[in-house]
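> The structure file entry20.cif (mmCIF, C-alpha atoms) is provided below.
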data_data
loop_
_atom_site.label_atom_id
_atom_site.label_comp_id
_atom_site.auth_asym_id
_atom_site.auth_seq_id
_atom_site.Cartn_x
_atom_site.Cartn_y
_atom_site.Cartn_z
CA MET D 1 36.24 -9.49 -9.47
CA THR D 2 35.07 -8.98 -5.91
CA LYS D 3 32.59 -10.88 -3.83
CA VAL D 4 29.09 -9.47 -3.75
CA ASP D 5 27.86 -8.44 -0.33
CA VAL D 6 24.74 -10.47 0.39
CA VAL D 7 22.27 -9.41 3.10
CA GLY D 8 19.57 -11.78 4.29
CA VAL D 9 18.93 -15.30 5.47
CA GLY D 10 17.75 -18.49 3.83
CA PRO D 11 18.94 -20.77 1.04
CA LEU D 12 19.13 -18.08 -1.65
CA ALA D 13 21.23 -15.74 0.47
CA ASP D 14 23.42 -18.58 1.73
CA SER D 15 24.08 -19.81 -1.78
CA TRP D 16 24.78 -16.41 -3.30
CA ARG D 17 27.06 -15.44 -0.43
CA LYS D 18 29.39 -18.20 -1.64
CA THR D 19 29.04 -17.77 -5.37
CA LEU D 20 28.22 -14.21 -6.48
CA THR D 21 31.05 -12.00 -7.72
CA SER D 22 31.10 -8.74 -9.67
CA ASP D 23 33.36 -6.33 -11.47
CA VAL D 24 31.84 -3.47 -9.46
CA GLU D 25 30.92 -3.07 -5.82
CA ALA D 26 27.53 -4.72 -5.41
CA THR D 27 25.07 -5.63 -2.70
CA VAL D 28 22.19 -8.11 -2.84
CA ILE D 29 19.41 -7.89 -0.26
CA VAL D 30 17.18 -10.94 0.04
CA VAL D 31 14.04 -9.97 1.93
CA GLU D 32 13.08 -11.97 4.98
CA ALA D 33 9.71 -13.24 3.76
CA ARG D 34 8.47 -15.77 6.28
CA PRO D 35 6.26 -18.75 5.40
CA GLU D 36 3.78 -17.94 8.14
CA PRO D 37 0.22 -17.80 6.81
CA ALA D 38 -2.49 -16.28 8.99
CA ARG D 39 -5.91 -14.87 8.26
CA VAL D 40 -5.92 -11.13 8.87
CA THR D 41 -8.52 -11.55 11.59
CA GLU D 42 -6.04 -13.69 13.49
CA LEU D 43 -2.98 -11.50 12.95
CA SER D 44 -1.51 -10.40 16.26
CA ASP D 45 0.48 -7.21 16.61
CA GLU D 46 3.54 -9.38 17.22
CA GLN D 47 3.00 -11.13 13.90
CA ILE D 48 2.59 -7.83 12.04
CA ASP D 49 5.85 -6.73 13.58
CA ARG D 50 7.57 -9.97 12.58
CA LEU D 51 6.13 -10.26 9.06
CA TRP D 52 6.00 -6.59 8.03
CA GLU D 53 7.88 -4.20 10.27
CA ARG D 54 11.14 -5.97 11.06
CA PRO D 55 11.83 -7.31 7.55
CA MET D 56 11.01 -3.89 6.09
CA GLN D 57 13.45 -2.19 8.41
CA VAL D 58 16.09 -4.73 7.37
CA VAL D 59 15.56 -3.64 3.76
CA ILE D 60 15.78 0.08 4.61
CA ASN D 61 18.89 -0.44 6.70
CA GLY D 62 20.36 -2.73 4.05
CA LEU D 63 19.94 -0.14 1.33
CA GLN D 64 21.48 2.54 3.52
CA ALA D 65 24.43 0.31 4.41
CA ALA D 66 24.99 -0.57 0.75
CA HIS D 67 25.03 3.11 -0.17
CA GLU D 68 27.36 3.88 2.72
CA ARG D 69 29.86 1.25 1.60
CA GLY D 70 29.86 2.62 -1.93
CA ALA D 71 27.93 -0.09 -3.75
CA ARG D 72 27.36 0.72 -7.43
CA ARG D 73 24.82 -2.04 -7.95
CA ILE D 74 22.10 -2.92 -5.49
CA VAL D 75 19.63 -5.75 -6.06
CA VAL D 76 16.67 -6.52 -3.82
CA VAL D 77 15.16 -10.00 -4.15
CA VAL D 78 11.48 -10.40 -3.31
CA PRO D 79 8.74 -12.98 -3.84
CA THR D 80 6.09 -12.05 -6.42
CA THR D 81 3.56 -12.27 -3.58
CA GLY D 82 3.68 -8.49 -3.29
CA MET D 83 2.60 -8.12 -6.90
CA SER D 84 -0.01 -10.86 -6.90
CA GLY D 85 -1.23 -10.64 -3.32
CA GLY D 86 -1.73 -13.76 -1.26
CA ALA D 87 -4.60 -14.92 0.89
CA GLN D 88 -3.36 -15.25 4.48
CA TYR D 89 -0.11 -13.53 3.50
CA ALA D 90 -1.26 -9.88 3.68
CA ALA D 91 1.58 -8.69 5.91
CA THR D 92 4.23 -10.56 3.95
CA ALA D 93 2.81 -9.32 0.66
CA ALA D 94 2.87 -5.76 1.99
CA MET D 95 6.52 -6.14 2.90
CA ALA D 96 7.47 -7.62 -0.46
CA GLU D 97 5.69 -4.92 -2.44
CA ALA D 98 6.98 -2.13 -0.21
CA ALA D 99 10.53 -3.38 -0.70
CA ARG D 100 10.01 -3.57 -4.46
CA VAL D 101 8.72 0.00 -4.68
CA LEU D 102 11.38 1.32 -2.31
CA VAL D 103 13.81 0.10 -4.97
CA LYS D 104 12.27 2.64 -7.36
CA SER D 105 12.64 5.49 -4.87
CA ALA D 106 16.26 4.56 -4.23
CA ALA D 107 16.92 4.33 -7.97
CA ARG D 108 15.50 7.82 -8.45
CA GLN D 109 17.55 9.31 -5.64
CA TRP D 110 20.86 7.59 -6.31
CA GLY D 111 20.80 7.43 -10.08
CA SER D 112 22.60 10.75 -10.47
CA SER D 113 25.67 9.25 -8.81
CA GLY D 114 25.65 6.19 -11.07
CA VAL D 115 24.20 3.80 -8.56
CA THR D 116 21.64 1.37 -9.93
CA VAL D 117 18.97 -0.23 -7.78
CA ASN D 118 16.78 -3.04 -9.11
CA ALA D 119 14.55 -5.82 -7.89
CA VAL D 120 14.38 -9.47 -8.86
CA ALA D 121 11.04 -11.11 -8.14
CA VAL D 122 10.97 -14.87 -7.74
CA ASP D 123 8.42 -17.63 -7.28
CA PRO D 124 6.92 -17.27 -3.78
CA GLN D 125 7.50 -20.96 -3.16
CA THR D 126 11.19 -20.12 -3.04
CA PHE D 127 10.37 -18.41 0.25
CA GLY D 128 8.09 -21.17 1.42
CA VAL D 129 4.82 -19.43 0.54
CA ASP D 130 2.20 -22.15 0.01
CA PRO D 131 0.15 -21.54 -3.16
CA ALA D 132 -2.55 -23.85 -1.84
CA ILE D 133 -3.18 -21.22 0.83
CA SER D 134 -2.20 -17.96 -0.85
CA GLY D 135 -3.92 -18.72 -4.13
CA PRO D 136 -2.12 -19.06 -7.44
CA VAL D 137 0.28 -16.36 -8.63
CA SER D 138 -1.34 -16.60 -12.05
CA ILE D 139 -4.37 -18.29 -13.53
CA ALA D 140 -2.08 -19.56 -16.31
CA PRO D 141 0.50 -22.30 -15.83
CA ARG D 142 4.20 -21.45 -15.77
CA ALA D 143 5.48 -20.87 -19.30
CA LEU D 144 8.85 -22.58 -18.91
CA GLU D 145 9.41 -26.07 -17.60
CA GLY D 146 12.18 -27.24 -15.33
CA SER D 147 13.92 -25.66 -12.37
CA VAL D 148 14.36 -21.89 -12.23
CA ASP D 149 17.60 -20.33 -11.04
CA PRO D 150 17.40 -16.55 -10.51
CA GLY D 151 21.13 -16.46 -9.73
CA PRO D 152 22.35 -15.48 -13.23
CA THR D 153 19.79 -12.64 -13.39
CA VAL D 154 20.93 -11.34 -10.02
CA GLN D 155 24.54 -11.77 -11.14
CA TRP D 156 23.96 -9.66 -14.26
CA LEU D 157 22.22 -6.89 -12.33
CA CYS D 158 25.23 -6.83 -10.00
CA SER D 159 27.63 -6.35 -12.90
CA GLY D 160 28.92 -3.34 -14.78
CA ALA D 161 27.05 -4.58 -17.86
CA SER D 162 23.71 -3.52 -16.39
CA ALA D 163 24.75 0.12 -15.93
CA HIS D 164 21.71 1.59 -17.68
CA VAL D 165 19.06 -0.52 -16.00
CA THR D 166 17.66 0.94 -12.80
CA GLY D 167 14.41 1.05 -10.88
CA GLN D 168 13.23 -2.13 -12.61
CA THR D 169 11.76 -5.39 -11.45
CA VAL D 170 12.94 -8.43 -13.35
CA VAL D 171 10.57 -11.30 -12.70
CA CYS D 172 12.57 -14.52 -12.79
CA ASP D 173 10.08 -17.29 -12.15
CA GLY D 174 9.95 -19.20 -15.42
CA GLY D 175 7.06 -17.15 -16.75
CA LEU D 176 4.55 -17.66 -13.96
CA TRP D 177 3.81 -13.96 -13.30
CA MET D 178 3.43 -11.88 -16.44
CA MET B 1 -27.77 12.31 -5.49
CA ASN B 2 -30.00 9.22 -5.54
CA GLY B 3 -29.50 7.82 -2.07
CA SER B 4 -27.67 4.77 -3.38
CA LEU B 5 -26.05 4.21 0.02
CA ARG B 6 -29.17 4.76 2.10
CA ASP B 7 -28.99 2.87 5.41
CA ARG B 8 -25.35 1.87 4.85
CA VAL B 9 -22.84 2.79 7.54
CA ALA B 10 -19.34 3.92 6.68
CA ILE B 11 -16.24 4.71 8.68
CA VAL B 12 -13.84 7.10 6.99
CA THR B 13 -10.52 7.52 8.78
CA GLY B 14 -8.65 10.78 8.53
CA ALA B 15 -11.91 12.47 7.59
CA GLY B 16 -11.15 15.63 9.52
CA GLN B 17 -9.71 17.21 6.39
CA GLY B 18 -8.58 16.66 2.83
CA VAL B 19 -9.31 13.49 0.87
CA GLY B 20 -10.96 11.80 3.85
CA GLU B 21 -13.30 14.74 4.34
CA GLY B 22 -14.18 14.73 0.64
CA ILE B 23 -14.99 11.02 0.73
CA ALA B 24 -17.04 11.36 3.91
CA ARG B 25 -19.06 14.16 2.36
CA ARG B 26 -19.67 12.26 -0.89
CA LEU B 27 -20.79 9.09 0.87
CA ALA B 28 -23.10 11.11 3.12
CA GLN B 29 -24.60 12.85 0.09
CA GLU B 30 -25.72 9.43 -1.09
CA GLY B 31 -27.38 8.58 2.17
CA ALA B 32 -24.66 6.76 4.07
CA ARG B 33 -24.44 7.28 7.79
CA VAL B 34 -20.84 8.33 8.21
CA VAL B 35 -18.40 8.07 11.05
CA VAL B 36 -15.77 10.76 10.75
CA ALA B 37 -12.87 8.97 12.40
CA ALA B 38 -10.32 11.62 13.25
CA ARG B 39 -7.43 11.64 15.66
CA ARG B 40 -8.68 14.89 17.16
CA ALA B 41 -12.29 15.95 17.65
CA GLU B 42 -11.25 19.54 16.87
CA THR B 43 -10.89 18.53 13.23
CA GLY B 44 -13.42 15.71 13.01
CA GLU B 45 -16.39 17.26 14.77
CA PRO B 46 -16.64 20.33 12.49
CA VAL B 47 -16.74 18.03 9.45
CA ALA B 48 -19.41 15.81 11.03
CA SER B 49 -21.37 18.91 12.06
CA SER B 50 -21.12 20.35 8.56
CA ILE B 51 -22.37 17.10 7.02
CA ARG B 52 -25.32 17.13 9.39
CA GLY B 53 -25.93 20.75 8.45
CA ASP B 54 -26.16 19.68 4.82
CA GLY B 55 -28.84 17.14 5.72
CA GLY B 56 -26.58 14.13 6.15
CA ASP B 57 -26.01 11.83 9.10
CA ALA B 58 -22.54 11.87 10.61
CA VAL B 59 -20.76 11.60 13.92
CA CYS B 60 -17.15 12.06 14.89
CA ILE B 61 -15.34 9.32 16.78
CA GLU B 62 -11.83 10.12 17.93
CA THR B 63 -9.59 7.40 16.51
CA ASP B 64 -5.85 6.86 16.37
CA VAL B 65 -5.43 4.46 13.45
CA ALA B 66 -1.89 3.61 14.55
CA ASP B 67 -3.35 1.99 17.67
CA GLY B 68 -5.21 -1.28 17.14
CA ASP B 69 -7.21 -0.86 20.35
CA SER B 70 -8.37 2.58 19.21
CA VAL B 71 -9.50 1.16 15.85
CA ARG B 72 -11.41 -1.61 17.64
CA ARG B 73 -13.15 0.92 19.86
CA CYS B 74 -14.12 2.97 16.81
CA VAL B 75 -15.64 -0.08 15.12
CA ASP B 76 -17.43 -1.17 18.30
CA GLU B 77 -18.84 2.29 18.91
CA THR B 78 -19.96 2.59 15.30
CA VAL B 79 -21.88 -0.69 15.43
CA LYS B 80 -23.32 0.16 18.85
CA ARG B 81 -24.55 3.50 17.54
CA PHE B 82 -25.77 2.54 14.07
CA GLY B 83 -26.33 -1.20 14.34
CA ARG B 84 -24.15 -2.20 11.38
CA LEU B 85 -20.99 -1.42 9.45
CA ASP B 86 -20.80 -1.79 5.68
CA ILE B 87 -17.95 0.36 4.44
CA VAL B 88 -14.51 1.19 5.82
CA VAL B 89 -12.35 3.74 4.05
CA HIS B 90 -8.86 3.97 5.49
CA ASN B 91 -7.39 7.29 4.48
CA ALA B 92 -5.60 8.62 7.56
CA PHE B 93 -1.88 9.04 7.16
CA THR B 94 0.90 10.77 9.04
CA GLY B 95 4.37 11.48 7.75
CA GLY B 96 5.70 12.23 4.33
CA ILE B 97 8.55 14.50 5.33
CA PRO B 98 10.99 15.05 2.43
CA HIS B 99 14.28 13.31 3.11
CA ARG B 100 17.25 11.54 1.59
CA LEU B 101 17.04 7.77 1.85
CA GLU B 102 20.64 7.42 2.99
CA LYS B 103 19.94 9.78 5.90
CA ALA B 104 16.46 8.57 6.75
CA GLN B 105 15.85 7.55 10.32
CA ILE B 106 13.51 4.76 11.28
CA ASP B 107 12.01 6.65 14.22
CA LYS B 108 11.87 10.08 12.63
CA HIS B 109 10.87 9.29 9.06
CA TRP B 110 9.55 5.75 8.85
CA MET B 111 7.56 4.65 11.86
CA ALA B 112 4.69 7.14 11.61
CA MET B 113 4.22 6.27 7.94
CA SER B 114 4.46 2.54 8.59
CA ARG B 115 2.03 2.66 11.51
CA THR B 116 -0.59 4.79 9.73
CA SER B 117 -0.41 2.95 6.41
CA VAL B 118 0.26 -0.79 6.66
CA TRP B 119 -0.30 -1.34 10.37
CA ALA B 120 -3.49 0.73 10.29
CA SER B 121 -4.79 -1.01 7.15
CA LEU B 122 -4.36 -4.37 8.87
CA PHE B 123 -5.99 -3.03 12.04
CA CYS B 124 -8.98 -1.73 10.07
CA ALA B 125 -9.29 -5.06 8.28
CA ARG B 126 -8.89 -7.14 11.42
CA GLU B 127 -11.43 -5.22 13.46
CA SER B 128 -14.07 -4.69 10.78
CA TYR B 129 -14.11 -8.07 9.04
CA ALA B 130 -17.02 -9.64 10.92
CA HIS B 131 -19.27 -6.63 10.23
CA LEU B 132 -18.28 -6.34 6.57
CA ALA B 133 -18.98 -10.05 6.10
CA GLU B 134 -22.36 -9.60 7.74
CA SER B 135 -23.10 -6.73 5.38
CA SER B 136 -22.31 -8.95 2.41
CA ARG B 137 -24.82 -11.50 3.65
CA ARG B 138 -27.62 -8.96 3.39
CA PRO B 139 -29.94 -9.06 0.36
CA THR B 140 -28.63 -7.46 -2.82
CA GLY B 141 -29.17 -3.74 -2.65
CA ASP B 142 -29.12 -3.63 1.12
CA GLY B 143 -25.47 -4.27 1.82
CA GLY B 144 -22.08 -5.38 0.63
CA GLY B 145 -18.91 -5.20 2.69
CA ARG B 146 -16.35 -2.78 1.30
CA LEU B 147 -12.81 -2.00 2.43
CA ILE B 148 -11.17 0.87 0.56
CA LEU B 149 -7.55 1.85 1.17
CA ILE B 150 -6.25 5.24 0.09
CA THR B 151 -2.81 4.84 -1.41
CA SER B 152 -0.85 7.01 -3.84
CA PRO B 153 0.64 6.97 -7.34
CA SER B 154 3.95 7.07 -5.45
CA GLY B 155 3.08 3.64 -4.15
CA VAL B 156 3.47 2.39 -7.69
CA GLU B 157 6.26 4.46 -9.19
CA GLY B 158 8.39 5.39 -6.18
CA SER B 159 9.29 8.89 -5.05
CA ALA B 160 12.44 10.91 -5.47
CA ASN B 161 11.54 13.38 -2.71
CA ILE B 162 9.90 11.19 -0.10
CA PRO B 163 11.47 7.78 -0.69
CA LEU B 164 9.97 6.06 2.34
CA TYR B 165 6.48 7.32 1.55
CA SER B 166 6.23 5.12 -1.52
CA PRO B 167 6.84 1.77 0.21
CA ALA B 168 4.36 2.68 2.93
CA LYS B 169 1.76 3.23 0.21
CA ALA B 170 2.85 0.25 -1.89
CA GLY B 171 2.27 -2.04 1.05
CA GLN B 172 -1.38 -1.05 1.12
CA ARG B 173 -1.84 -2.11 -2.49
CA ALA B 174 -0.50 -5.57 -1.68
CA ILE B 175 -2.82 -5.78 1.31
CA ALA B 176 -5.79 -4.98 -0.95
CA LYS B 177 -4.82 -7.74 -3.36
CA SER B 178 -4.24 -10.21 -0.54
CA LEU B 179 -7.51 -9.45 1.22
CA ALA B 180 -9.37 -9.51 -2.08
CA ARG B 181 -8.28 -13.13 -2.31
CA GLU B 182 -8.88 -13.87 1.35
CA TRP B 183 -12.28 -12.20 1.63
CA GLY B 184 -13.64 -12.88 -1.83
CA PRO B 185 -15.55 -15.96 -0.65
CA ASP B 186 -17.28 -13.72 1.90
CA GLY B 187 -18.39 -11.30 -0.81
CA ILE B 188 -16.31 -8.44 0.60
CA THR B 189 -14.45 -6.33 -1.93
CA VAL B 190 -11.14 -4.65 -1.16
CA ASN B 191 -9.75 -1.94 -3.40
CA CYS B 192 -7.42 1.04 -3.42
CA ILE B 193 -7.68 4.60 -4.67
CA ALA B 194 -4.49 6.44 -5.60
CA PRO B 195 -5.51 10.09 -5.70
CA VAL B 196 -3.89 13.40 -6.40
CA ALA B 197 -6.17 16.02 -4.91
CA ALA B 198 -6.28 19.50 -3.50
CA SER B 199 -5.71 18.43 0.09
CA PRO B 200 -4.68 21.01 2.70
CA SER B 201 -1.10 19.78 2.62
CA LEU B 202 -0.91 20.11 -1.16
CA LEU B 203 -2.53 23.55 -1.09
CA THR B 204 0.00 24.64 1.53
CA ALA B 205 2.78 23.40 -0.72
CA PHE B 206 1.28 25.39 -3.60
CA GLU B 207 1.26 28.55 -1.46
CA ARG B 208 4.91 28.06 -0.62
CA ASN B 209 5.84 27.20 -4.17
CA PRO B 210 3.42 28.39 -6.88
CA ALA B 211 5.66 26.84 -9.52
CA LEU B 212 4.78 23.44 -8.07
CA GLN B 213 1.11 23.93 -8.90
CA GLN B 214 1.94 25.02 -12.43
CA ALA B 215 4.24 22.04 -12.91
CA LEU B 216 1.68 19.59 -11.53
CA GLU B 217 -1.11 20.96 -13.70
CA ALA B 218 1.15 21.01 -16.76
CA ARG B 219 1.98 17.32 -16.43
CA THR B 220 -1.68 16.39 -15.86
CA PRO B 221 -3.64 15.65 -19.05
CA LEU B 222 -6.84 16.98 -17.50
CA GLY B 223 -4.95 20.14 -16.54
CA ARG B 224 -6.07 20.49 -12.96
CA VAL B 225 -5.66 19.02 -9.50
CA GLY B 226 -8.54 16.86 -8.29
CA ASP B 227 -11.34 18.06 -6.06
CA ILE B 228 -11.56 16.06 -2.84
CA THR B 229 -15.33 15.57 -2.98
CA ARG B 230 -16.34 15.70 -6.62
CA ASP B 231 -13.36 13.84 -8.06
CA ILE B 232 -12.00 11.60 -5.32
CA GLY B 233 -15.18 11.18 -3.31
CA SER B 234 -17.02 10.00 -6.40
CA VAL B 235 -14.48 7.23 -7.05
CA ALA B 236 -14.88 6.15 -3.43
CA LEU B 237 -18.65 6.20 -3.90
CA PHE B 238 -18.34 3.83 -6.85
CA LEU B 239 -16.16 1.44 -4.88
CA ALA B 240 -18.43 1.70 -1.83
CA GLY B 241 -21.64 1.02 -3.69
CA ASP B 242 -23.38 -1.76 -5.56
CA ASP B 243 -22.05 -0.83 -9.01
CA SER B 244 -18.57 -2.12 -8.09
CA SER B 245 -19.67 -5.45 -6.64
CA TYR B 246 -17.49 -7.40 -9.13
CA VAL B 247 -14.39 -5.22 -8.71
CA THR B 248 -11.85 -6.31 -6.12
CA GLY B 249 -8.10 -6.22 -5.52
CA GLN B 250 -7.73 -3.22 -7.81
CA THR B 251 -6.17 0.24 -7.60
CA ILE B 252 -7.96 3.13 -9.30
CA VAL B 253 -5.51 5.93 -9.95
CA CYS B 254 -7.49 9.18 -9.77
CA ASP B 255 -5.03 11.90 -10.71
CA GLY B 256 -6.29 13.46 -13.92
CA GLY B 257 -4.22 11.10 -16.03
CA SER B 258 -0.83 12.16 -14.70
CA PHE B 259 0.32 8.63 -13.95
CA LEU B 260 -0.35 6.13 -16.72
CA GLY B 261 2.01 3.33 -15.80
CA LEU B 262 -0.28 0.91 -14.00
#
Translate the structure described by the file into structure tokens.

Amino acid sequence: MTKVDVVGVGPLADSWRKTLTSDVEATVIVVEARPEPARVTELSDEQIDRLWERPMQVVINGLQAAHERGARRIVVVVPTTGMSGGAQYAATAAMAEAARVLVKSAARQWGSSGVTVNAVAVDPQTFGVDPAISGPVSIAPRALEGSVDPGPTVQWLCSGASAHVTGQTVVCDGGLWM
Amino acid sequence: MNGSLRDRVAIVTGAGQGVGEGIARRLAQEGARVVVAARRAETGEPVASSIRGDGGDAVCIETDVADGDSVRRCVDETVKRFGRLDIVVHNAFTGGIPHRLEKAQIDKHWMAMSRTSVWASLFCARESYAHLAESSRRPTGDGGGRLILITSPSGVEGSANIPLYSPAKAGQRAIAKSLAREWGPDGITVNCIAPVAASPSLLTAFERNPALQQALEARTPLGRVGDITRDIGSVALFLAGDDSSYVTGQTIVCDGGSFLGL
């Protein structure tokens, strides 16, 4: 077992950097979604750069670096904000959804060499997105009670056991987004 | 043609050719006064002139959608000229060069797509909001703010040939959902169209590779590639008009049934 290469900042990345291991070379990229709400009319160019452009380039560069180092499993972790949209989080939502769909492109291109690329989508509050501002992810309450740990899902997608799963998004939020 | 958009004012970016031109023509056929926002007047002015020749009302305003100041000037000039702005269709896009993701370069492959998709969508939203909100405050039948973003089926399913194209287009779908939430209380709707149409770039690709056209038509249940005005323009007309006033945050895939995974 080798340590999984973890790209990104924040509690999830910090935790997984210490704990995730795999039987194959694997990289996890946690997107840099920033809890910085702003109405689109107030978005400055600097904010668009900080909330959309820079984090997106980190994902592109992270995928390229993972491929370069020979990773067989690549997992990109995003908030479900990209799938649900979020009031005052347009730039962040764009970044999250772009990263999630880039996963599909990468999976299509690299699948022939046995590389799998998947996404894990988590509760936006994990990234500090405020549902009181963004609006609810779903009109229904979360299906499962208790704390949600996406770590085991990420761990499995990093392992050899997930060899035939690629281009997918596994939503691990306790059944909030369906 | 029933003049359902009479007196409304629409900006269509990238209307100098292809899907944007088709949408501009369709909206003008229904009475909208159309701004053909094109990066170069050489492409935009002939379209505006042709629309006028067909009895419509259109002007060309040179606009670089990748530049927020240019988008603001386009909006300001539109309102100065026509007195209002009801509909913004952001279609302009630059990029889409086939590449391998592992060899893609930020400057060469990504930035133009990023700037003309997500950046430009946010610019269009930022600069037009006040006018679209004002349109929605007009009496029913005389207004209704509409922002329509042109995305792609690749923005949903990814792309094996142009991997960075799909995230650029996916980002626009998330913007539509976000702004649908943000602007819903103002009565403004925000939606996407994901078309496959006979644009100049696709027709050029067909000329280079006739097998591509056959393959595309074979995988399309309706058996043909969409017409920019009749097929795509009519979807834009629906989203621009009163019939779609309760539709927001959605993506309408208009590709003859080729992509069914939404």
> Written as a list in words, what is the full residue list that the PyMOL selection byres ((chain B and resi 256) around 8) yields on the file shown?
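Written out, the selection comes to Val196, Thr220, Pro221, Leu222, Gly223, Arg224, Val225, Gly226, Cys254, Asp255, Gly257 and Ser258 of chain B.
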> Based on all atoms listed in the file, which of the residues in chain D come within 6 Å of chain B? I want them as a list in words.
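Per the criterion, chain D yields Val40, Thr41, Gln64, Gly82, Gly85, Gly86, Ala87, Ala90, Ala93, Ala94, Glu97, Ala98, Val101, Leu102, Lys104, Ser105, Arg108 and Gln109 of chain D.
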> May I have the residues within 12 Å of Pro136 of chain D as number ranges by chain, using all atoms listed in the file and disregarding those fewer than 6 positions away in the same chain?
D: 80-81, 83-87, 123-125, 129-130, 142, 176-177; B: 178, 181
> Name the residues that the PyMOL selection byres ((chain D and resi 73-78) around 6) picks from the file above, as a compact mmCIF listing (two decimals) with C-alpha atoms, in the frame of the given file, using the file's chain letters and numbers.

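Saved the output as part_20.txt:
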# COMPACT_ATOMS: atom_id res chain seq x y z
CA ALA D 26 27.53 -4.72 -5.41
CA THR D 27 25.07 -5.63 -2.70
CA VAL D 28 22.19 -8.11 -2.84
CA ILE D 29 19.41 -7.89 -0.26
CA VAL D 30 17.18 -10.94 0.04
CA VAL D 31 14.04 -9.97 1.93
CA ALA D 71 27.93 -0.09 -3.75
CA ARG D 72 27.36 0.72 -7.43
CA PRO D 79 8.74 -12.98 -3.84
CA ALA D 96 7.47 -7.62 -0.46
CA VAL D 115 24.20 3.80 -8.56
CA THR D 116 21.64 1.37 -9.93
CA VAL D 117 18.97 -0.23 -7.78
CA ASN D 118 16.78 -3.04 -9.11
CA ALA D 119 14.55 -5.82 -7.89
CA VAL D 120 14.38 -9.47 -8.86
CA ALA D 121 11.04 -11.11 -8.14
CA CYS D 158 25.23 -6.83 -10.00
> Could you state the separation of atom CA of Val12 of chain B and atom CA of Leu85 of chain B in Å, given to one decimal place?
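Between atom CA of Val12 of chain B and atom CA of Leu85 of chain B the gap is 11.4 Å.
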> Taking 4 positions as the minimum chain separation for residues in the same chain, which residues sit within 9 Å of Glu21 of chain B when counting all atoms listed in the file? Answer as a PyMOL selection string.
chain B and resi 12-17+25-26+36+44+47+228-229+233
> Mind giving me the straight-line distance from atom CA of Phe93 of chain B to atom CA of Ala66 of chain B in Å, one decimal?
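Answer for the atom CA of Phe93 of chain B to atom CA of Ala66 of chain B separation: 9.2 Å.
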> For the atom pair atom CA of Met113 of chain B and atom CA of Gly96 of chain B, what is the interatomic distance in Å to one decimal place?
7.1 Å
> Pick out the closest residue to Ser121 of chain B from this set: B:His90, B:Lys108, B:Arg230, B:Arg138. Count all atoms listed in the file.
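Of all the options, B:His90 lies closest to Ser121 of chain B.
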> Might you pull out every residue within 10 Å of Asn91 of chain B, with only C-alpha atoms counted and same-chain residues fewer than 4 positions away left off, and present them as a list in words?
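With the cut-off at 10 Å, the set is Val12, Thr13, Gly14, Ala15, Gly18, Val19, Gly20, Glu21, Ile23, Ala37, Val65, Thr116, Ser117, Ala120, Ser121, Ile148, Leu149, Ile150, Thr151 and Ile193 of chain B.
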> When you look at Gly241 of chain B with a cut-off of 10 Å (counting all atoms listed in the file), what residues show up, excluding the ones that are within fewer than 2 positions of it in the same chain? I need them as a list in words.
Ser4, Leu5, Arg8, Leu27, Glu30, Asp86, Ile87, Gly141, Gly143, Gly144, Gly145, Arg146, Ala236, Leu237, Phe238, Leu239, Asp243, Ser244 and Ser245 of chain B
> Which residues are close to Pro55 of chain D, i.e. within 10 Å by all atoms listed in the file, leaving aside same-chain residues fewer than 2 positions away? Reply as a PyMOL selection string.
chain D and resi 8+30-34+49-53+57-61+92+95-96+99
> Expanded to explicit residues, what is the PyMOL selection byres ((chain D and resi 2) around 8) for this file, as a list in words?
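Those residues are Met1, Lys3, Val4, Thr21, Ser22, Asp23, Val24 and Glu25 of chain D.
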> Can you write out the residues you just picked, keeping C-alpha atoms, as a PDB file, in the coordinates of the input?

ATOM      1  CA  MET D   1      36.240  -9.490  -9.470  1.00  0.00           C
ATOM      2  CA  LYS D   3      32.590 -10.880  -3.830  1.00  0.00           C
ATOM      3  CA  VAL D   4      29.090  -9.470  -3.750  1.00  0.00           C
ATOM      4  CA  THR D  21      31.050 -12.000  -7.720  1.00  0.00           C
ATOM      5  CA  SER D  22      31.100  -8.740  -9.670  1.00  0.00           C
ATOM      6  CA  ASP D  23      33.360  -6.330 -11.470  1.00  0.00           C
ATOM      7  CA  VAL D  24      31.840  -3.470  -9.460  1.00  0.00           C
ATOM      8  CA  GLU D  25      30.920  -3.070  -5.820  1.00  0.00           C
TER       9      GLU D  25
END
> Rebuild N, CA and C atoms on segment 22-26 of chain D, as a PDB file, in the coordinates of the input?

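Once everything was written out, this is out.pdb:
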ATOM      1  N   SER D  22      31.417  -9.816  -8.719  1.00  0.00           N
ATOM      2  CA  SER D  22      31.100  -8.740  -9.670  1.00  0.00           C
ATOM      3  C   SER D  22      32.335  -7.919  -9.972  1.00  0.00           C
ATOM      4  N   ASP D  23      32.263  -7.225 -11.105  1.00  0.00           N
ATOM      5  CA  ASP D  23      33.360  -6.330 -11.470  1.00  0.00           C
ATOM      6  C   ASP D  23      33.171  -4.942 -10.878  1.00  0.00           C
ATOM      7  N   VAL D  24      32.056  -4.721 -10.200  1.00  0.00           N
ATOM      8  CA  VAL D  24      31.840  -3.470  -9.460  1.00  0.00           C
ATOM      9  C   VAL D  24      31.339  -3.818  -8.069  1.00  0.00           C
ATOM     10  N   GLU D  25      31.433  -2.840  -7.173  1.00  0.00           N
ATOM     11  CA  GLU D  25      30.920  -3.070  -5.820  1.00  0.00           C
ATOM     12  C   GLU D  25      29.414  -3.306  -5.893  1.00  0.00           C
ATOM     13  N   ALA D  26      28.956  -4.381  -5.301  1.00  0.00           N
ATOM     14  CA  ALA D  26      27.530  -4.720  -5.410  1.00  0.00           C
ATOM     15  C   ALA D  26      27.012  -5.330  -4.110  1.00  0.00           C
TER      16      ALA D  26
END
